[in-house]
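Worksheet: the structure to be examined is printed underneath.
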Amino acid sequence: MIVVTAPTGQIGSRLLGTLLENGEQVRVIARDPARLADHVRERVEVVKGSHSDAAVVDEAFAGADTVFWLVAADHRAESLEAAYLDFTRPACEALKKHGVARVVGISALGRGVAENAGYLSASWAMDDLIAATGVRYRALTMPTFMDNLLWQAASIGKDGVFFAPVSGDRKAPTCATRDIAAVAAGLLLDRSWEGTADVPVLGPEDLSQNDLAGIMSDVLGRPVRYQRVSMDAFRATQRQNGWSEAMAQGMVDMMIAKETGIDSAAPRTPEGTTPTTFRQWCEEVLKPAVTA
């Protein structure tokens, strides 16, 4: 039995498809089971609720061999610790209680590079919490997701501009959520691995924000430019969108770490290089979103 958290998200939904295609027994934790596709819902066991809830994870992890763990941090949380560690503690108790063998989790690149990297630091602390239960653990460590640009699809389509608080010419890896799901599925289907390790998922190339703008311009057939904003303006935007002060600051601290090169901390290897190029992603994902 494999338990999948966040099964309706960009990663979890793709992951589910692969597991079911391989004939796996799957149980999902879903706040709103109605968001699951009908053909998925009829083939999986569903535990309704949040995977921060002790009763929910106790029910879901009973009899499970492996868990896919993803925390979609609450932007209104009072602290990063509440968003990541307090959220994960009930699951850790359930992992120990039910003797779950393996966990594959979503984390971040750069462990040990920066003392305070906001969301990234919280992710590493979460990894430590899970590993301390004694499970065999693989933390998928990622740079910025290509798919995060979908949050700015309206601005890209209407005004031909996207924003971030990092240098336009700093090159860094980016990865597609489809590739993260594929790597996660491979680990969930493999019962042979032991111990604890990070698994970088780096995409196929290092690109700057200006590189991204050039590729988007080519694919969309219209000019797209990158505009850098200040960290203060970036923080203010998060606050205007309803984020708590602590979570907005955590995002700023993460972006400062990215500006100083934390996403390039892991050496690129064949194993960590995933196939989806940014151009392919723009053609298959961004362009339909912008032109919809």
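So you can find residues: chains in the structure tokens are A, B, ... in the order shown, residues in each start at 1, and ligands are numbered from 1 in order.
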Query raised in the report: Counting only C-alpha atoms, what is within 7 Å of region 65-71 of chain A, bar same-chain residues fewer than 3 positions away, as a list in words?
Result: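 Surrounding residues, per the criterion: Met1, Ile2, Val3, Val4, Thr5, Ala6, Tyr84, Val100, Ala101, Arg102, Val103, Val104, Gly105, Ile106 and Leu188 of chain A.
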**Report entry** Non-local contacts of Asp58 (chain A) (9 Å; only C-alpha atoms; under 2 positions in same chain excluded) as a count of residues only
**Finding:** 14
Using only C-alpha atoms, what table do you get, as CSV, when you list each residue of region 172-282 of chain A with an atom no more than 10 Å from region 118-129 of chain A, its nearest pair of atoms, and their distance in Å rounded to one decimal, rows by chain then rising number?
```
residue,atom,partner,partner_atom,distance
A:Thr196,CA,A:Asp127,CA,9.6
A:Ala197,CA,A:Asp127,CA,9.9
A:Asp198,CA,A:Asp127,CA,9.5
A:Ala246,CA,A:Gly118,CA,9.4
A:Met247,CA,A:Tyr119,CA,8.2
A:Ala248,CA,A:Gly118,CA,9.3
A:Gln249,CA,A:Gly118,CA,7.3
A:Gly250,CA,A:Gly118,CA,4.0
A:Met251,CA,A:Gly118,CA,6.0
A:Val252,CA,A:Gly118,CA,7.2
A:Asp253,CA,A:Gly118,CA,4.7
A:Met254,CA,A:Gly118,CA,4.8
A:Met255,CA,A:Gly118,CA,8.4
A:Ile256,CA,A:Gly118,CA,9.0
A:Ala257,CA,A:Gly118,CA,8.4
A:Lys258,CA,A:Leu120,CA,9.9
A:Ile262,CA,A:Leu120,CA,9.8
```
Query - Distance in Å - CA of Ala176 (chain A) versus CA of Arg225 (chain A) - result: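 Calculated distance between CA of Ala176 (chain A) and CA of Arg225 (chain A) is 20.9 Å.
Distances to Arg136 (chain A) were evaluated for A:Leu286, A:Leu16, A:Leu187, A:Cys175 using only C-alpha atoms, and the minimum falls at A:Leu187.
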**Report entry** Contacts of Leu36 (chain A) at 7 Å (only C-alpha atoms; same-chain gap of 4+ positions) as an NGL selection string
**Finding:** :A and (8 or 40-41)
**Report entry** Polymer residues at most 10 Å from Val224 (chain A), only C-alpha atoms, same-chain spacing of 2 or more positions, as a list in words
**Finding:**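 Contacts, with the query itself left out: Ser155, Ile156, Gly157, Asp159, Gly160, Val161, Phe162, Asn210, Leu212, Ala213, Gly214, Ile215, Met216, Ser217, Asp218, Leu220, Gly221, Arg222, Tyr226 and Gln227 of chain A.
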Could the residues in this selection be saved with N, CA, C and O atoms as a CSV table (one decimal), in the first residue's frame?
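Resulting contents of part_24.csv:
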```csv
chain,number,residue,atom,x,y,z
A,155,SER,N,-0.3,38.1,-16.5
A,155,SER,CA,0.6,39.2,-16.8
A,155,SER,C,1.5,38.9,-18.0
A,155,SER,O,1.7,39.8,-18.9
A,156,ILE,N,1.9,37.7,-18.2
A,156,ILE,CA,2.7,37.3,-19.4
A,156,ILE,C,1.9,37.5,-20.6
A,156,ILE,O,2.3,38.0,-21.6
A,157,GLY,N,0.6,37.0,-20.6
A,157,GLY,CA,-0.2,37.1,-21.8
A,157,GLY,C,-0.7,38.5,-22.1
A,157,GLY,O,-0.7,38.9,-23.3
A,159,ASP,N,0.5,41.6,-20.6
A,159,ASP,CA,1.4,42.7,-20.6
A,159,ASP,C,2.8,42.3,-21.1
A,159,ASP,O,3.7,43.2,-21.3
A,160,GLY,N,3.0,41.0,-21.3
A,160,GLY,CA,4.3,40.6,-21.8
A,160,GLY,C,5.5,40.8,-20.8
A,160,GLY,O,6.6,41.1,-21.2
A,161,VAL,N,5.1,40.5,-19.5
A,161,VAL,CA,6.2,40.8,-18.5
A,161,VAL,C,5.9,39.8,-17.3
A,161,VAL,O,4.8,39.4,-17.0
A,162,PHE,N,7.0,39.3,-16.7
A,162,PHE,CA,6.9,38.6,-15.5
A,162,PHE,C,8.0,39.1,-14.5
A,162,PHE,O,8.9,39.8,-14.9
A,210,ASN,N,16.5,36.2,-17.9
A,210,ASN,CA,16.5,36.8,-19.2
A,210,ASN,C,16.4,35.7,-20.3
A,210,ASN,O,15.8,35.9,-21.3
A,212,LEU,N,14.8,32.9,-19.8
A,212,LEU,CA,13.4,32.4,-19.8
A,212,LEU,C,12.6,33.4,-20.6
A,212,LEU,O,11.7,32.9,-21.4
A,213,ALA,N,12.8,34.7,-20.5
A,213,ALA,CA,12.1,35.7,-21.3
A,213,ALA,C,12.2,35.5,-22.8
A,213,ALA,O,11.3,35.5,-23.5
A,214,GLY,N,13.5,35.2,-23.2
A,214,GLY,CA,13.7,35.0,-24.6
A,214,GLY,C,13.0,33.8,-25.2
A,214,GLY,O,12.5,33.8,-26.3
A,215,ILE,N,13.0,32.7,-24.4
A,215,ILE,CA,12.4,31.5,-24.8
A,215,ILE,C,10.9,31.7,-24.9
A,215,ILE,O,10.2,31.2,-25.8
A,216,MET,N,10.3,32.3,-23.8
A,216,MET,CA,8.9,32.6,-23.8
A,216,MET,C,8.5,33.4,-25.1
A,216,MET,O,7.5,33.2,-25.7
A,217,SER,N,9.3,34.4,-25.4
A,217,SER,CA,9.0,35.3,-26.5
A,217,SER,C,9.0,34.5,-27.8
A,217,SER,O,8.1,34.6,-28.6
A,218,ASP,N,9.9,33.5,-28.0
A,218,ASP,CA,10.0,32.7,-29.2
A,218,ASP,C,8.7,31.8,-29.3
A,218,ASP,O,8.1,31.7,-30.3
A,220,LEU,N,5.8,32.1,-27.6
A,220,LEU,CA,4.5,32.8,-27.7
A,220,LEU,C,4.3,33.7,-28.9
A,220,LEU,O,3.2,34.1,-29.2
A,221,GLY,N,5.5,33.9,-29.6
A,221,GLY,CA,5.4,34.8,-30.8
A,221,GLY,C,5.1,36.2,-30.5
A,221,GLY,O,4.5,36.9,-31.3
A,222,ARG,N,5.5,36.7,-29.3
A,222,ARG,CA,5.3,38.1,-28.9
A,222,ARG,C,6.4,38.4,-27.9
A,222,ARG,O,6.9,37.5,-27.2
A,226,TYR,N,11.6,40.2,-18.7
A,226,TYR,CA,11.7,40.0,-17.2
A,226,TYR,C,11.9,41.3,-16.5
A,226,TYR,O,12.7,42.2,-17.0
A,227,GLN,N,11.2,41.6,-15.4
A,227,GLN,CA,11.4,42.8,-14.6
A,227,GLN,C,11.7,42.4,-13.2
A,227,GLN,O,10.9,41.7,-12.5
```
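Around Glu259 (chain A), within 12 Å and counting only C-alpha atoms, the residues found are Ala114, Ala117, Thr144, Ala164, Pro165, Val166, Ser167, Gly168, Asp169, Arg170, Lys171, Ala172, Ser208, Gln209, Arg228, Ser230, Met231, Val252, Asp253, Met254 and Ser264 of chain A, once anything fewer than 5 positions away on its own chain is removed.
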Go ahead and save the picked residues with N, CA and C atoms, as a CSV table (one decimal), in the first residue's frame.
```csv
chain,number,residue,atom,x,y,z
A,114,ALA,N,23.3,27.7,3.5
A,114,ALA,CA,22.8,29.0,4.1
A,114,ALA,C,22.2,28.7,5.5
A,117,ALA,N,17.5,30.3,5.1
A,117,ALA,CA,17.0,30.3,3.7
A,117,ALA,C,15.5,30.2,3.7
A,144,THR,N,13.7,26.1,-8.4
A,144,THR,CA,12.4,26.7,-8.7
A,144,THR,C,11.7,25.9,-9.8
A,164,ALA,N,10.2,38.9,-10.6
A,164,ALA,CA,10.8,38.2,-9.5
A,164,ALA,C,11.9,39.1,-8.9
A,165,PRO,N,12.4,38.8,-7.7
A,165,PRO,CA,13.3,39.7,-7.0
A,165,PRO,C,14.8,39.2,-7.1
A,166,VAL,N,15.1,38.5,-8.2
A,166,VAL,CA,16.5,38.0,-8.4
A,166,VAL,C,17.1,38.6,-9.7
A,167,SER,N,18.4,38.5,-9.8
A,167,SER,CA,19.1,39.1,-11.0
A,167,SER,C,18.6,38.5,-12.3
A,168,GLY,N,18.5,39.3,-13.3
A,168,GLY,CA,18.0,38.8,-14.6
A,168,GLY,C,19.0,37.9,-15.3
A,169,ASP,N,20.3,38.1,-14.9
A,169,ASP,CA,21.4,37.3,-15.7
A,169,ASP,C,21.9,36.1,-14.9
A,170,ARG,N,21.4,35.9,-13.7
A,170,ARG,CA,21.9,34.7,-12.9
A,170,ARG,C,21.3,33.4,-13.4
A,171,LYS,N,22.2,32.5,-13.8
A,171,LYS,CA,21.7,31.2,-14.3
A,171,LYS,C,21.6,30.2,-13.2
A,172,ALA,N,20.5,29.5,-13.3
A,172,ALA,CA,20.2,28.5,-12.3
A,172,ALA,C,19.3,27.4,-12.9
A,208,SER,N,18.9,31.8,-17.0
A,208,SER,CA,18.7,33.0,-16.3
A,208,SER,C,17.2,33.5,-16.5
A,209,GLN,N,16.8,34.4,-15.8
A,209,GLN,CA,15.5,35.0,-16.0
A,209,GLN,C,15.4,35.6,-17.4
A,228,ARG,N,12.9,42.8,-12.8
A,228,ARG,CA,13.3,42.6,-11.4
A,228,ARG,C,12.6,43.6,-10.4
A,230,SER,N,12.2,44.8,-6.2
A,230,SER,CA,13.0,44.8,-4.9
A,230,SER,C,12.4,43.7,-4.0
A,231,MET,N,13.2,43.3,-3.0
A,231,MET,CA,12.8,42.4,-2.0
A,231,MET,C,11.6,43.0,-1.2
A,252,VAL,N,10.9,35.8,1.2
A,252,VAL,CA,12.0,36.8,0.9
A,252,VAL,C,13.3,36.1,1.3
A,253,ASP,N,13.4,35.5,2.4
A,253,ASP,CA,14.7,34.8,2.8
A,253,ASP,C,15.1,33.8,1.8
A,254,MET,N,14.1,33.0,1.3
A,254,MET,CA,14.4,32.0,0.3
A,254,MET,C,14.9,32.7,-1.0
A,264,SER,N,22.3,26.4,-7.2
A,264,SER,CA,23.4,25.8,-8.0
A,264,SER,C,24.4,25.1,-7.1
```
Requested in this report: Might you pull out every residue within 12 Å of Ala292 (chain A), with only C-alpha atoms counted and same-chain residues fewer than 2 positions away left off, and present them as number ranges by chain?
Outcome: A: 153-154, 157-158, 285-290
Requested in this report: Taking the chain letters and numbering used in this document, name the residues of region 56-167 of chain A that DSSP puts in strand (DSSP E), as number ranges by chain.
Outcome: A: 66-69, 102-108, 136-142, 144-145, 161-164
